[in-house]
$ cat run_17.txt   # compact mmCIF, C-alpha atoms
# COMPACT_ATOMS: atom_id res chain seq x y z
CA MET L 1 98.82 -81.08 -15.39
CA ILE L 2 99.71 -82.49 -11.98
CA LYS L 3 102.31 -85.24 -11.70
CA ARG L 4 100.50 -88.51 -11.08
CA ASN L 5 100.71 -92.11 -12.35
CA LYS L 6 97.71 -92.65 -14.63
CA LYS L 7 95.72 -95.69 -15.60
CA GLU L 8 92.31 -96.53 -16.95
CA TRP L 9 89.59 -96.77 -14.28
CA LEU L 10 85.93 -97.63 -14.14
CA ILE L 11 83.98 -94.56 -13.04
CA VAL L 12 80.38 -94.61 -11.81
CA THR L 13 78.52 -91.31 -11.54
CA PHE L 14 75.32 -90.64 -9.63
CA HIS L 15 72.43 -88.22 -9.47
CA THR L 16 72.87 -87.66 -5.72
CA THR L 17 75.57 -87.96 -3.09
CA VAL L 18 73.26 -90.34 -1.21
CA ALA L 19 73.57 -92.82 -4.08
CA ALA L 20 77.38 -92.51 -3.93
CA PHE L 21 77.27 -93.53 -0.28
CA GLN L 22 74.85 -96.35 -1.03
CA MET L 23 77.50 -97.53 -3.48
CA GLU L 24 80.24 -97.22 -0.88
CA ARG L 25 78.19 -99.26 1.60
CA ALA L 26 77.42 -101.92 -1.03
CA ALA L 27 81.07 -102.03 -2.17
CA LYS L 28 82.22 -102.62 1.39
CA ASP L 29 79.77 -105.50 1.74
CA MET L 30 80.92 -106.98 -1.60
CA GLY L 31 84.63 -106.51 -0.86
CA PHE L 32 85.30 -104.14 -3.76
CA GLY L 33 88.48 -102.13 -3.40
CA GLY L 34 87.33 -98.88 -5.00
CA ARG L 35 86.65 -95.53 -3.43
CA ILE L 36 84.74 -92.27 -3.76
CA ILE L 37 86.45 -89.55 -5.78
CA PRO L 38 85.41 -86.08 -7.01
CA VAL L 39 83.59 -86.37 -10.36
CA PRO L 40 86.17 -85.97 -13.18
CA ARG L 41 85.57 -82.93 -15.39
CA GLU L 42 85.58 -85.12 -18.49
CA ILE L 43 82.16 -86.52 -17.64
CA SER L 44 80.49 -83.76 -15.63
CA ALA L 45 80.60 -79.99 -15.53
CA GLY L 46 79.26 -79.78 -11.98
CA CYS L 47 80.73 -80.81 -8.65
CA GLY L 48 79.79 -84.10 -7.02
CA LEU L 49 81.12 -87.50 -6.18
CA ALA L 50 81.79 -90.65 -8.22
CA TRP L 51 82.87 -94.24 -7.52
CA ARG L 52 86.27 -95.27 -8.93
CA ASP L 53 87.18 -98.93 -9.21
CA GLU L 54 89.25 -101.39 -11.24
CA LYS L 55 87.95 -101.55 -14.82
CA GLU L 56 87.96 -105.36 -14.66
CA LYS L 57 85.18 -105.12 -12.05
CA GLN L 58 82.72 -103.50 -14.50
CA ALA L 59 80.32 -106.45 -14.78
CA GLU L 60 80.34 -107.10 -11.02
CA ILE L 61 79.73 -103.46 -10.22
CA LYS L 62 76.94 -103.14 -12.78
CA LYS L 63 75.29 -106.20 -11.20
CA CYS L 64 75.77 -104.76 -7.72
CA LEU L 65 74.16 -101.43 -8.77
CA ASP L 66 71.20 -103.27 -10.27
CA ASP L 67 70.81 -105.76 -7.41
CA LYS L 68 70.86 -103.01 -4.77
CA CYS L 69 68.65 -100.66 -6.84
CA ILE L 70 71.26 -97.90 -6.62
CA GLU L 71 70.39 -95.12 -9.05
CA TYR L 72 73.41 -94.09 -11.13
CA GLU L 73 73.97 -91.79 -14.08
CA GLN L 74 76.61 -93.65 -16.06
CA LEU L 75 79.41 -96.20 -16.04
CA VAL L 76 82.46 -95.10 -18.05
CA LEU L 77 86.12 -95.97 -18.48
CA LEU L 78 88.47 -93.05 -17.98
CA THR L 79 92.22 -92.61 -17.74
CA LEU L 80 92.96 -90.67 -14.57
CA MET Q 1 65.13 -79.36 39.68
CA ILE Q 2 62.40 -81.61 38.32
CA TYR Q 3 61.94 -81.51 34.55
CA PHE Q 4 58.40 -82.03 33.25
CA ASP Q 5 58.79 -80.19 29.92
CA ASN Q 6 59.73 -83.11 27.70
CA ALA Q 7 57.13 -82.19 25.06
CA ALA Q 8 59.23 -79.07 24.43
CA THR Q 9 62.50 -80.97 24.31
CA SER Q 10 63.58 -84.20 26.00
CA PHE Q 11 66.04 -83.83 28.87
CA PRO Q 12 68.61 -85.03 29.74
CA LYS Q 13 70.10 -86.29 26.49
CA PRO Q 14 71.68 -89.77 26.63
CA ASP Q 15 75.46 -89.84 27.15
CA PHE Q 16 75.97 -91.74 23.89
CA VAL Q 17 74.21 -88.92 22.00
CA LYS Q 18 76.44 -86.29 23.59
CA GLN Q 19 79.51 -88.38 22.80
CA ALA Q 20 78.47 -88.84 19.16
CA VAL Q 21 78.11 -85.06 18.74
CA ILE Q 22 81.49 -84.41 20.39
CA ASP Q 23 83.17 -87.07 18.24
CA ALA Q 24 81.63 -85.51 15.12
CA ILE Q 25 82.81 -82.02 16.06
CA ASP Q 26 86.30 -83.44 16.50
CA SER Q 27 86.43 -85.49 13.33
CA ILE Q 28 84.16 -84.54 10.43
CA GLY Q 29 84.06 -82.06 7.59
CA SER Q 30 81.05 -80.98 5.54
CA ASP Q 31 78.63 -83.58 4.18
CA GLY Q 32 78.50 -84.24 0.43
CA ARG Q 33 80.88 -81.52 -0.65
CA GLY Q 34 84.14 -83.31 -1.42
CA ALA Q 35 85.99 -86.60 -1.46
CA HIS Q 36 88.63 -86.26 1.26
CA GLU Q 37 88.34 -88.37 4.40
CA MET Q 38 86.94 -85.57 6.62
CA THR Q 39 83.99 -84.94 4.33
CA LEU Q 40 83.45 -88.64 3.63
CA ARG Q 41 83.13 -89.25 7.39
CA ALA Q 42 80.40 -86.60 7.55
CA SER Q 43 78.56 -88.12 4.59
CA ARG Q 44 78.75 -91.62 6.06
CA ILE Q 45 77.22 -90.40 9.33
CA VAL Q 46 74.44 -88.53 7.52
CA TYR Q 47 73.74 -91.54 5.30
CA SER Q 48 73.66 -93.85 8.31
CA CYS Q 49 71.18 -91.47 9.95
CA ARG Q 50 68.96 -91.66 6.83
CA GLU Q 51 69.06 -95.44 7.02
CA ASN Q 52 68.17 -95.46 10.72
CA ILE Q 53 65.29 -93.00 10.25
CA ALA Q 54 64.05 -95.03 7.26
CA LYS Q 55 64.14 -98.22 9.33
CA LEU Q 56 62.24 -96.59 12.21
CA PHE Q 57 59.41 -95.30 10.00
CA ASN Q 58 59.51 -97.90 7.18
CA ALA Q 59 60.50 -95.17 4.71
CA GLU Q 60 62.96 -95.07 1.79
CA PRO Q 61 66.48 -93.93 2.87
CA THR Q 62 66.87 -91.89 -0.31
CA ARG Q 63 63.65 -90.00 0.48
CA VAL Q 64 64.55 -89.06 4.06
CA CYS Q 65 65.26 -85.31 3.85
CA PHE Q 66 66.80 -83.49 6.80
CA THR Q 67 65.72 -80.07 8.06
CA LEU Q 68 66.36 -78.04 11.19
CA ASN Q 69 63.14 -79.09 12.91
CA ALA Q 70 59.56 -80.30 12.39
CA THR Q 71 58.36 -76.75 11.65
CA MET Q 72 60.68 -76.47 8.66
CA ALA Q 73 59.67 -79.95 7.52
CA LEU Q 74 55.96 -79.06 7.73
CA ASN Q 75 56.51 -75.77 5.89
CA THR Q 76 58.37 -77.67 3.17
CA ALA Q 77 55.63 -80.29 2.80
CA ILE Q 78 52.63 -77.94 3.00
CA LEU Q 79 53.95 -75.05 0.91
CA GLY Q 80 55.46 -77.49 -1.58
CA LEU Q 81 52.27 -79.47 -2.21
CA ILE Q 82 49.27 -77.19 -1.53
CA ASN Q 83 48.14 -74.13 -3.46
CA GLN Q 84 45.30 -71.64 -3.12
CA ASN Q 85 42.92 -73.58 -5.37
CA ASP Q 86 43.05 -76.62 -3.10
CA HIS Q 87 40.90 -77.70 -0.18
CA VAL Q 88 42.63 -79.18 2.86
CA ILE Q 89 41.22 -80.99 5.89
CA THR Q 90 43.02 -80.45 9.18
CA THR Q 91 42.03 -80.37 12.87
CA VAL Q 92 41.62 -77.89 15.71
CA GLN Q 93 44.38 -79.62 17.70
CA GLU Q 94 47.07 -78.41 15.30
CA HIS Q 95 50.19 -76.52 16.27
CA ASN Q 96 51.04 -73.28 14.47
CA SER Q 97 53.72 -75.19 12.56
CA VAL Q 98 50.81 -76.76 10.67
CA LEU Q 99 48.31 -73.87 10.84
CA ARG Q 100 50.50 -71.00 9.70
CA PRO Q 101 51.85 -72.73 6.57
CA LEU Q 102 48.28 -73.79 5.75
CA TYR Q 103 47.01 -70.20 6.15
CA LYS Q 104 49.92 -69.03 3.98
CA THR Q 105 48.86 -71.27 1.07
CA GLY Q 106 45.53 -69.43 0.81
CA ALA Q 107 43.81 -72.83 0.45
CA ASP Q 108 40.25 -73.51 1.58
CA LEU Q 109 40.58 -75.14 5.02
CA THR Q 110 38.24 -77.37 7.03
CA PHE Q 111 39.01 -77.92 10.70
CA LEU Q 112 37.75 -81.17 12.24
CA PRO Q 113 36.45 -80.38 15.75
CA ILE Q 114 37.17 -82.13 19.05
CA ASP Q 115 34.87 -83.71 21.61
CA GLY Q 116 34.76 -82.80 25.32
CA LYS Q 117 37.90 -84.85 26.05
CA GLY Q 118 39.80 -83.28 23.18
CA ASN Q 119 39.56 -86.25 20.80
CA THR Q 120 39.41 -85.22 17.15
CA LYS Q 121 36.18 -86.23 15.40
CA ILE Q 122 37.75 -88.24 12.60
CA ASP Q 123 34.27 -89.57 11.70
CA MET Q 124 33.58 -86.16 10.15
CA LEU Q 125 36.45 -86.40 7.68
CA CYS Q 126 34.55 -88.03 4.82
CA LYS Q 127 31.54 -85.71 5.22
CA ASN Q 128 33.84 -82.75 4.59
CA LEU Q 129 35.43 -83.96 1.37
CA LYS Q 130 35.11 -81.62 -1.62
CA SER Q 131 35.90 -82.08 -5.29
CA ASN Q 132 39.14 -80.12 -4.83
CA THR Q 133 40.25 -81.72 -1.54
CA LYS Q 134 43.93 -82.38 -1.97
CA ALA Q 135 45.28 -83.33 1.44
CA VAL Q 136 44.69 -84.15 5.07
CA VAL Q 137 47.25 -82.56 7.39
CA LEU Q 138 47.25 -83.39 11.10
CA SER Q 139 49.33 -84.10 14.16
CA HIS Q 140 49.60 -87.69 15.36
CA VAL Q 141 49.69 -86.60 19.02
CA SER Q 142 48.40 -83.27 20.35
CA ASN Q 143 51.12 -81.21 22.01
CA VAL Q 144 48.47 -79.79 24.37
CA THR Q 145 46.37 -82.78 25.45
CA GLY Q 146 48.57 -85.74 24.48
CA ASN Q 147 45.55 -87.24 22.69
CA VAL Q 148 46.42 -89.60 19.84
CA ILE Q 149 44.78 -89.67 16.41
CA ASP Q 150 44.44 -93.08 14.75
CA ILE Q 151 46.62 -92.25 11.75
CA GLU Q 152 46.30 -95.73 10.25
CA ARG Q 153 42.55 -95.12 9.94
CA VAL Q 154 43.06 -91.63 8.49
CA GLY Q 155 45.68 -92.96 6.07
CA LYS Q 156 43.24 -95.56 4.81
CA LEU Q 157 40.62 -92.86 4.18
CA CYS Q 158 43.22 -90.76 2.36
CA LYS Q 159 44.20 -93.68 0.15
CA GLU Q 160 40.55 -94.42 -0.67
CA ASN Q 161 39.99 -90.78 -1.65
CA ASN Q 162 43.34 -90.22 -3.39
CA LEU Q 163 44.50 -87.52 -0.96
CA TYR Q 164 47.95 -86.61 0.27
CA PHE Q 165 48.34 -87.44 3.97
CA ILE Q 166 50.82 -85.16 5.76
CA VAL Q 167 51.55 -86.17 9.37
CA ASP Q 168 53.09 -83.97 12.06
CA ALA Q 169 54.95 -86.48 14.22
CA ALA Q 170 56.65 -83.89 16.46
CA GLN Q 171 55.21 -85.50 19.61
CA SER Q 172 55.00 -89.09 18.42
CA ALA Q 173 58.25 -89.95 16.63
CA GLY Q 174 60.18 -92.36 18.83
CA VAL Q 175 57.15 -92.81 21.09
CA PHE Q 176 54.42 -94.46 19.00
CA ASP Q 177 54.81 -96.91 16.12
CA ILE Q 178 54.77 -95.20 12.74
CA ASP Q 179 54.85 -97.21 9.52
CA MET Q 180 54.68 -94.94 6.48
CA LYS Q 181 53.67 -97.68 4.08
CA LYS Q 182 51.15 -99.45 6.29
CA MET Q 183 49.59 -96.11 7.31
CA ASN Q 184 49.59 -94.66 3.77
CA ILE Q 185 51.49 -91.55 4.87
CA SER Q 186 52.56 -89.28 2.00
CA VAL Q 187 54.87 -87.06 4.05
CA LEU Q 188 55.97 -87.71 7.63
CA CYS Q 189 57.42 -84.65 9.41
CA PHE Q 190 59.51 -85.22 12.54
CA THR Q 191 61.83 -83.46 14.94
CA GLY Q 192 64.96 -85.04 16.36
CA HIS Q 193 65.10 -83.54 19.83
CA LYS Q 194 61.96 -84.87 21.51
CA GLY Q 195 61.02 -88.57 21.49
CA LEU Q 196 63.92 -89.38 19.18
CA LEU Q 197 66.24 -88.24 22.02
CA GLY Q 198 68.61 -86.28 19.77
CA VAL Q 199 69.78 -82.70 20.03
CA GLN Q 200 68.07 -79.55 18.74
CA GLY Q 201 68.57 -78.41 15.16
CA THR Q 202 67.58 -81.77 13.68
CA GLY Q 203 64.39 -82.94 12.03
CA GLY Q 204 63.16 -83.86 8.63
CA LEU Q 205 60.55 -85.25 6.34
CA CYS Q 206 60.15 -88.72 4.88
CA VAL Q 207 58.51 -88.54 1.48
CA ALA Q 208 56.58 -91.44 -0.03
CA LYS Q 209 57.16 -92.54 -3.64
CA GLU Q 210 55.23 -90.56 -6.27
CA VAL Q 211 55.04 -87.49 -3.99
CA GLU Q 212 56.88 -84.61 -5.65
CA ILE Q 213 57.35 -81.60 -3.35
CA ASN Q 214 58.25 -78.22 -4.81
CA PRO Q 215 61.36 -77.14 -2.82
CA LEU Q 216 60.91 -74.34 -0.30
CA VAL Q 217 64.62 -73.52 -0.18
CA VAL Q 218 67.08 -73.77 -3.08
CA GLY Q 219 70.83 -73.36 -3.20
CA GLY Q 220 74.01 -75.39 -2.77
CA SER Q 221 73.44 -79.06 -3.45
CA GLY Q 222 76.86 -80.61 -4.03
CA ILE Q 223 75.72 -81.77 -7.47
CA HIS Q 224 74.79 -80.19 -10.83
CA SER Q 225 76.37 -76.88 -9.86
CA PHE Q 226 75.81 -75.28 -13.26
CA SER Q 227 72.06 -75.88 -13.31
CA HIS Q 228 69.88 -72.85 -12.53
CA THR Q 229 67.45 -75.00 -10.59
CA GLN Q 230 67.58 -77.29 -7.57
CA PRO Q 231 68.11 -80.95 -8.59
CA ASP Q 232 64.88 -82.98 -8.81
CA GLU Q 233 66.28 -86.00 -7.00
CA TYR Q 234 65.54 -86.68 -3.35
CA PRO Q 235 66.91 -85.97 -0.80
CA THR Q 236 68.98 -83.25 -2.51
CA ARG Q 237 65.75 -81.72 -3.83
CA LEU Q 238 64.82 -80.60 -0.29
CA GLU Q 239 68.26 -80.19 1.27
CA ALA Q 240 69.81 -76.97 -0.06
CA GLY Q 241 72.80 -75.83 1.98
CA THR Q 242 75.06 -77.58 4.45
CA LEU Q 243 73.30 -79.97 6.79
CA ASN Q 244 73.72 -79.92 10.56
CA ALA Q 245 75.90 -83.02 10.39
CA HIS Q 246 77.26 -82.60 13.93
CA SER Q 247 73.77 -82.82 15.41
CA LEU Q 248 72.74 -85.50 12.92
CA ALA Q 249 75.58 -87.59 14.37
CA GLY Q 250 73.73 -87.39 17.70
CA LEU Q 251 70.43 -88.25 16.05
CA ASN Q 252 72.07 -91.17 14.28
CA ALA Q 253 73.23 -92.51 17.64
CA SER Q 254 69.85 -92.09 19.32
CA VAL Q 255 67.75 -93.54 16.48
CA SER Q 256 70.17 -96.43 16.10
CA TRP Q 257 69.67 -97.08 19.82
CA LEU Q 258 65.87 -96.88 19.48
CA ASN Q 259 65.94 -99.29 16.52
CA GLU Q 260 68.03 -101.78 18.47
CA ASN Q 261 66.29 -101.53 21.84
CA GLY Q 262 62.74 -100.53 20.90
CA PHE Q 263 60.74 -97.78 22.57
CA ALA Q 264 57.57 -99.48 23.82
CA GLY Q 265 59.10 -99.87 27.29
CA LEU Q 266 60.04 -96.19 27.42
CA ARG Q 267 56.52 -95.18 26.35
CA GLU Q 268 54.95 -97.46 28.93
CA LYS Q 269 57.04 -95.93 31.71
CA GLU Q 270 56.28 -92.30 30.81
CA THR Q 271 52.58 -92.81 30.12
CA ASN Q 272 52.31 -94.69 33.41
CA LEU Q 273 53.78 -91.65 35.20
CA ALA Q 274 51.21 -89.45 33.43
CA LYS Q 275 48.43 -91.73 34.63
CA ILE Q 276 49.70 -91.73 38.23
CA PHE Q 277 49.75 -87.92 38.10
CA TYR Q 278 46.27 -87.80 36.59
CA SER Q 279 44.75 -90.30 39.02
CA GLU Q 280 45.81 -88.15 41.99
CA ILE Q 281 45.03 -84.65 40.70
CA CYS Q 282 41.65 -85.66 39.27
CA LYS Q 283 40.50 -86.04 42.90
CA ILE Q 284 41.10 -82.31 43.54
CA PRO Q 285 37.92 -80.30 42.79
CA GLU Q 286 39.80 -77.07 41.96
CA ILE Q 287 41.78 -78.77 39.17
CA LYS Q 288 40.54 -78.83 35.58
CA ILE Q 289 42.18 -81.44 33.36
CA TYR Q 290 42.12 -81.33 29.56
CA GLY Q 291 42.53 -84.47 27.47
CA ASP Q 292 41.70 -88.16 27.45
CA VAL Q 293 44.57 -89.22 29.69
CA LEU Q 294 43.24 -92.67 30.59
CA SER Q 295 42.58 -93.75 27.01
CA LYS Q 296 44.51 -96.79 25.73
CA ASN Q 297 46.76 -94.66 23.51
CA HIS Q 298 47.82 -91.38 25.04
CA GLY Q 299 51.03 -89.36 25.02
CA ALA Q 300 52.73 -88.62 28.34
CA ILE Q 301 51.20 -85.14 28.52
CA VAL Q 302 48.72 -83.81 31.08
CA SER Q 303 47.52 -80.20 30.82
CA ILE Q 304 45.64 -78.63 33.69
CA ASN Q 305 44.45 -75.44 35.30
CA ILE Q 306 43.96 -74.57 38.96
CA ALA Q 307 40.55 -72.90 39.32
CA ASN Q 308 40.68 -69.68 37.30
CA GLU Q 309 44.32 -68.89 38.05
CA ASP Q 310 46.47 -67.67 35.16
CA ALA Q 311 48.40 -70.71 33.87
CA GLY Q 312 51.56 -68.64 33.60
CA MET Q 313 51.39 -67.74 37.28
CA VAL Q 314 50.94 -71.39 38.27
CA SER Q 315 53.87 -72.49 36.13
CA ASP Q 316 56.02 -69.69 37.55
CA ALA Q 317 55.12 -70.64 41.12
CA LEU Q 318 55.90 -74.30 40.43
CA TYR Q 319 59.38 -73.37 39.27
CA GLN Q 320 60.20 -70.55 41.67
CA ASP Q 321 58.88 -72.26 44.80
CA PHE Q 322 59.42 -75.94 44.01
CA GLY Q 323 61.95 -76.14 41.14
CA ILE Q 324 59.46 -77.90 38.86
CA CYS Q 325 59.76 -77.12 35.12
CA THR Q 326 56.45 -77.01 33.21
CA ARG Q 327 55.15 -75.08 30.20
CA ALA Q 328 52.32 -72.56 30.43
CA GLY Q 329 50.34 -70.60 27.87
CA ALA Q 330 48.81 -71.51 24.53
CA HIS Q 331 51.55 -73.94 23.43
CA CYS Q 332 51.34 -72.52 19.87
CA ALA Q 333 48.00 -74.33 19.36
CA PRO Q 334 45.39 -71.55 19.31
CA LEU Q 335 42.37 -73.46 18.00
CA ILE Q 336 42.33 -76.09 20.72
CA HIS Q 337 42.35 -73.32 23.34
CA LYS Q 338 39.37 -71.72 21.61
CA ALA Q 339 37.63 -75.10 21.71
CA PHE Q 340 38.32 -75.54 25.43
CA GLY Q 341 37.67 -71.86 26.25
CA THR Q 342 41.18 -71.32 27.61
CA THR Q 343 42.47 -68.62 25.26
CA LYS Q 344 42.97 -66.17 28.14
CA GLN Q 345 43.86 -68.55 30.94
CA GLY Q 346 46.11 -70.89 28.94
CA MET Q 347 47.02 -74.26 30.47
CA VAL Q 348 49.87 -75.65 32.52
CA ARG Q 349 51.38 -78.57 30.64
CA PHE Q 350 53.20 -81.42 32.39
CA SER Q 351 55.05 -83.62 29.91
CA PHE Q 352 56.72 -86.72 31.29
CA SER Q 353 59.69 -88.78 30.19
CA HIS Q 354 60.88 -92.31 30.87
CA GLN Q 355 63.72 -90.59 32.72
CA ASN Q 356 61.32 -89.12 35.31
CA THR Q 357 60.50 -91.07 38.47
CA GLU Q 358 57.36 -91.80 40.45
CA ASP Q 359 58.91 -89.91 43.36
CA GLU Q 360 59.14 -86.78 41.19
CA VAL Q 361 55.48 -87.19 40.25
CA ARG Q 362 54.56 -87.42 43.97
CA GLN Q 363 56.54 -84.24 44.64
CA VAL Q 364 54.68 -82.30 41.97
CA ILE Q 365 51.31 -83.52 43.26
CA GLU Q 366 52.22 -82.21 46.74
CA ALA Q 367 53.41 -78.92 45.25
CA ILE Q 368 50.10 -78.46 43.43
CA LYS Q 369 48.19 -79.16 46.63
CA GLN Q 370 50.16 -76.42 48.34
CA LEU Q 371 49.21 -73.95 45.60
CA LEU Q 372 45.48 -74.59 45.90
CA PRO Q 373 43.40 -71.55 46.89

$ encode --input "run_17.txt" --output "C-alpha cells"
Amino acid sequence: MIKRNKKEWLIVTFHTTVAAFQMERAAKDMGFGGRIIPVPREISAGCGLAWRDEKEKQAEIKKCLDDKCIEYEQLVLLTL
Amino acid sequence: MIYFDNAATSFPKPDFVKQAVIDAIDSIGSDGRGAHEMTLRASRIVYSCRENIAKLFNAEPTRVCFTLNATMALNTAILGLINQNDHVITTVQEHNSVLRPLYKTGADLTFLPIDGKGNTKIDMLCKNLKSNTKAVVLSHVSNVTGNVIDIERVGKLCKENNLYFIVDAAQSAGVFDIDMKKMNISVLCFTGHKGLLGVQGTGGLCVAKEVEINPLVVGGSGIHSFSHTQPDEYPTRLEAGTLNAHSLAGLNASVSWLNENGFAGLREKETNLAKIFYSEICKIPEIKIYGDVLSKNHGAIVSINIANEDAGMVSDALYQDFGICTRAGAHCAPLIHKAFGTTKQGMVRFSFSHQNTEDEVRQVIEAIKQLLP
C-alpha cells in the first residue's frame, strides 16, 4: 500500500475515453475542481480513465452529465 | 517550382499547422492511455479535433473515428457494413479506395455510368435498385475530372429507400459544404491532408446514429482491457491502437481555422484559377479536356491530354523543362478511364489551390503551348 492521505471521493466511470474528456470539458465550464484519474481497481478490472471530484458535488455532477448527454457507466463513492 | 498537384496533397501547409505539430511533438504523450499530464494533453487535442470535425460536417463528436487516411476509412466503412449477399450501387468515377474494398466484399455491384462530360447519371440510381440493395457508395468529387455529385439529392434517395449512404469526401472535405444530417449521410470518409489543410497520416470516418460498423482492426483500446472483443462504443470501436496524435494536432489547428474563417473564399479562388486555365487551353485544338469544368459546382481539377501523347511524358516534360508539378496516369480510378477511352494514354491532372496564383496559371499555359506538336 503506498503512503497517501485518503478520503472519500465521488468517482464517475465511462464507456470511452472520449466521454471522460467530454466530462473534463463540461467540468471546466461549470467550475468543478475535479480531475481525470486512472480507473480504480475496485470498480473496474480494465484500464481506462475516470472523473474524481468532491463527494458533495454528486447531485451537481449527475445533473451536468445528464444535461450534457455525457454517457457514463456509474457514479460511486470510493475512499482513495 | 509551381505546384499543381493539390488533389494528391495540399502544399504548402499553413504555418499554424506546422507549429501545432511541432508543439505536439514537444509536449504530448499517448492519447487515452493514462492520466498523467502528458497523456491528458494528447487526449485533449484529439478530443478537440473530434469536436472541430463534428462541427465542420454536422456530425456527432463521439462518432468521429480517426484513421490514417480516407482509404482506411472507406475500407472500414465498406468492409464493416457490406457482405457478399448485398447489392451496392456505386459509380464509374470511383477511386480504387472505394472499388477495391467493394470488390473484396464479393457483393453484387452496379456502376452508374457517366455522360460525355464525366457527370454521373444519378437519374439511373432508382432504376437499379434491387430487393437486396444495401448501400450507395460514391465520391462527392471525382479525383480525375473534379466533377461534383449532388450528394444531398443522393442522400434523399437513400433515405427514401432505406439504404446506407457512404460518401468518399477525399476531394471535397474542406472545399464543399457537407452536412451529414441534412444530406442523410450514413458514413462520411475524409482525409486530413488535402482540402482540410492538415498533414498526411490523418483521416477518418463520421458515423451517423444507428449505423453499427463491424470493426476492421481490433486491439488496444485504453478501456475494457480484459474483454476478448473490441468495445462496441464509438469512437473506440473503430480506433484500435495508438492514434497519430501529433498529426491530429495539426488537423485540429487547420479545421479549427476552417471553422472560424470559412472556406467558400478559398474554393472560389482555386476554382476560378481552374476556369482561367480551362478557358485558355480549350482554345487549343490539340488539347483534349475531360470534365465539366465550367459547371456551377466543380472542384479545382482540370485533366487533359495533348493529342495522343503519353500523359506521363507530358507530365515529365512539364516538370523537367518548366518546374511544374502535375500528376499523370490513371489516378487510381480505372473505370472512368475506361469510360473516356484513356486507359493507355492516361491523363495529365492539374489540381489548383487557393495558394496558387493567376501568374502561375499563365506560366503553365505558356509551357503547354511550347509542348504542342

$ interface_residues --input "run_17.txt" --of "chain Q" --to "chain L" --cutoff "7 Å" --atoms "all atoms listed in the file" --output "list in words"
Gly32, Arg33, Gly34, Ala35, Arg44, Tyr47, Thr62, Gly222, Ile223, His224, Ser225, Phe226, Glu233 and Thr236 of chain Q

$ residues_around --input "run_17.txt" --residues "Thr13 in chain L" --least-positions-apart "4" --cutoff "6 Å" --atoms "only C-alpha atoms" --output "PyMOL selection string"
chain L and resi 50+72-74

$ write_last_selection --input "run_17.txt" --atoms "C-alpha atoms" --output "PDB file, in the frame of the given file"
ATOM      1  CA  ALA L  50      81.790 -90.650  -8.220  1.00  0.00           C
ATOM      2  CA  TYR L  72      73.410 -94.090 -11.130  1.00  0.00           C
ATOM      3  CA  GLU L  73      73.970 -91.790 -14.080  1.00  0.00           C
ATOM      4  CA  GLN L  74      76.610 -93.650 -16.060  1.00  0.00           C
TER       5      GLN L  74
END

$ residues_around --input "run_17.txt" --residues "range 257-269 of chain Q" --least-positions-apart "3" --cutoff "7 Å" --atoms "all atoms listed in the file" --output "ChimeraX atom specification"
/Q:56,174-175,253-254,272-273,354

$ atom_distance --input "run_17.txt" --atom1 "CA of Thr229 in chain Q" --atom2 "CA of Pro215 in chain Q"
10.1 Å

$ residues_around --input "run_17.txt" --residues "Tyr164 in chain Q" --least-positions-apart "4" --cutoff "9 Å" --atoms "all atoms listed in the file" --output "list in words"
Leu81, Lys134, Ala135, Val136, Val137, Gly155, Cys158, Lys159, Asn184, Ile185, Ser186, Val187 and Val211 of chain Q

$ atom_distance --input "run_17.txt" --atom1 "CA of Cys126 in chain Q" --atom2 "CA of Asn214 in chain Q"
27.4 Å

$ build_atoms --input "run_17.txt" --residues "range 13-21 of chain L" --atoms "N, CA, C and O atoms" --output "PDB file, in the frame of the given file"
ATOM      1  N   THR L  13      79.028 -92.599 -12.019  1.00  0.00           N
ATOM      2  CA  THR L  13      78.520 -91.310 -11.540  1.00  0.00           C
ATOM      3  C   THR L  13      77.055 -91.463 -11.107  1.00  0.00           C
ATOM      4  O   THR L  13      76.357 -92.388 -11.533  1.00  0.00           O
ATOM      5  N   PHE L  14      76.646 -90.532 -10.266  1.00  0.00           N
ATOM      6  CA  PHE L  14      75.320 -90.640  -9.630  1.00  0.00           C
ATOM      7  C   PHE L  14      74.563 -89.321  -9.734  1.00  0.00           C
ATOM      8  O   PHE L  14      75.157 -88.269  -9.942  1.00  0.00           O
ATOM      9  N   HIS L  15      73.249 -89.427  -9.514  1.00  0.00           N
ATOM     10  CA  HIS L  15      72.430 -88.220  -9.470  1.00  0.00           C
ATOM     11  C   HIS L  15      72.598 -87.487  -8.131  1.00  0.00           C
ATOM     12  O   HIS L  15      72.478 -86.278  -8.056  1.00  0.00           O
ATOM     13  N   THR L  16      72.807 -88.258  -7.060  1.00  0.00           N
ATOM     14  CA  THR L  16      72.870 -87.660  -5.720  1.00  0.00           C
ATOM     15  C   THR L  16      74.051 -88.224  -4.948  1.00  0.00           C
ATOM     16  O   THR L  16      74.543 -89.322  -5.236  1.00  0.00           O
ATOM     17  N   THR L  17      74.480 -87.468  -3.944  1.00  0.00           N
ATOM     18  CA  THR L  17      75.570 -87.960  -3.090  1.00  0.00           C
ATOM     19  C   THR L  17      75.095 -89.144  -2.256  1.00  0.00           C
ATOM     20  O   THR L  17      75.888 -90.000  -1.883  1.00  0.00           O
ATOM     21  N   VAL L  18      73.797 -89.193  -1.964  1.00  0.00           N
ATOM     22  CA  VAL L  18      73.260 -90.340  -1.210  1.00  0.00           C
ATOM     23  C   VAL L  18      73.542 -91.637  -1.973  1.00  0.00           C
ATOM     24  O   VAL L  18      73.963 -92.634  -1.386  1.00  0.00           O
ATOM     25  N   ALA L  19      73.336 -91.617  -3.271  1.00  0.00           N
ATOM     26  CA  ALA L  19      73.570 -92.820  -4.080  1.00  0.00           C
ATOM     27  C   ALA L  19      75.054 -93.207  -4.031  1.00  0.00           C
ATOM     28  O   ALA L  19      75.389 -94.401  -4.009  1.00  0.00           O
ATOM     29  N   ALA L  20      75.937 -92.209  -4.009  1.00  0.00           N
ATOM     30  CA  ALA L  20      77.380 -92.510  -3.930  1.00  0.00           C
ATOM     31  C   ALA L  20      77.684 -93.256  -2.634  1.00  0.00           C
ATOM     32  O   ALA L  20      78.487 -94.196  -2.615  1.00  0.00           O
ATOM     33  N   PHE L  21      77.006 -92.855  -1.561  1.00  0.00           N
ATOM     34  CA  PHE L  21      77.270 -93.530  -0.280  1.00  0.00           C
ATOM     35  C   PHE L  21      76.533 -94.868  -0.172  1.00  0.00           C
ATOM     36  O   PHE L  21      76.981 -95.750   0.555  1.00  0.00           O
TER      37      PHE L  21
END
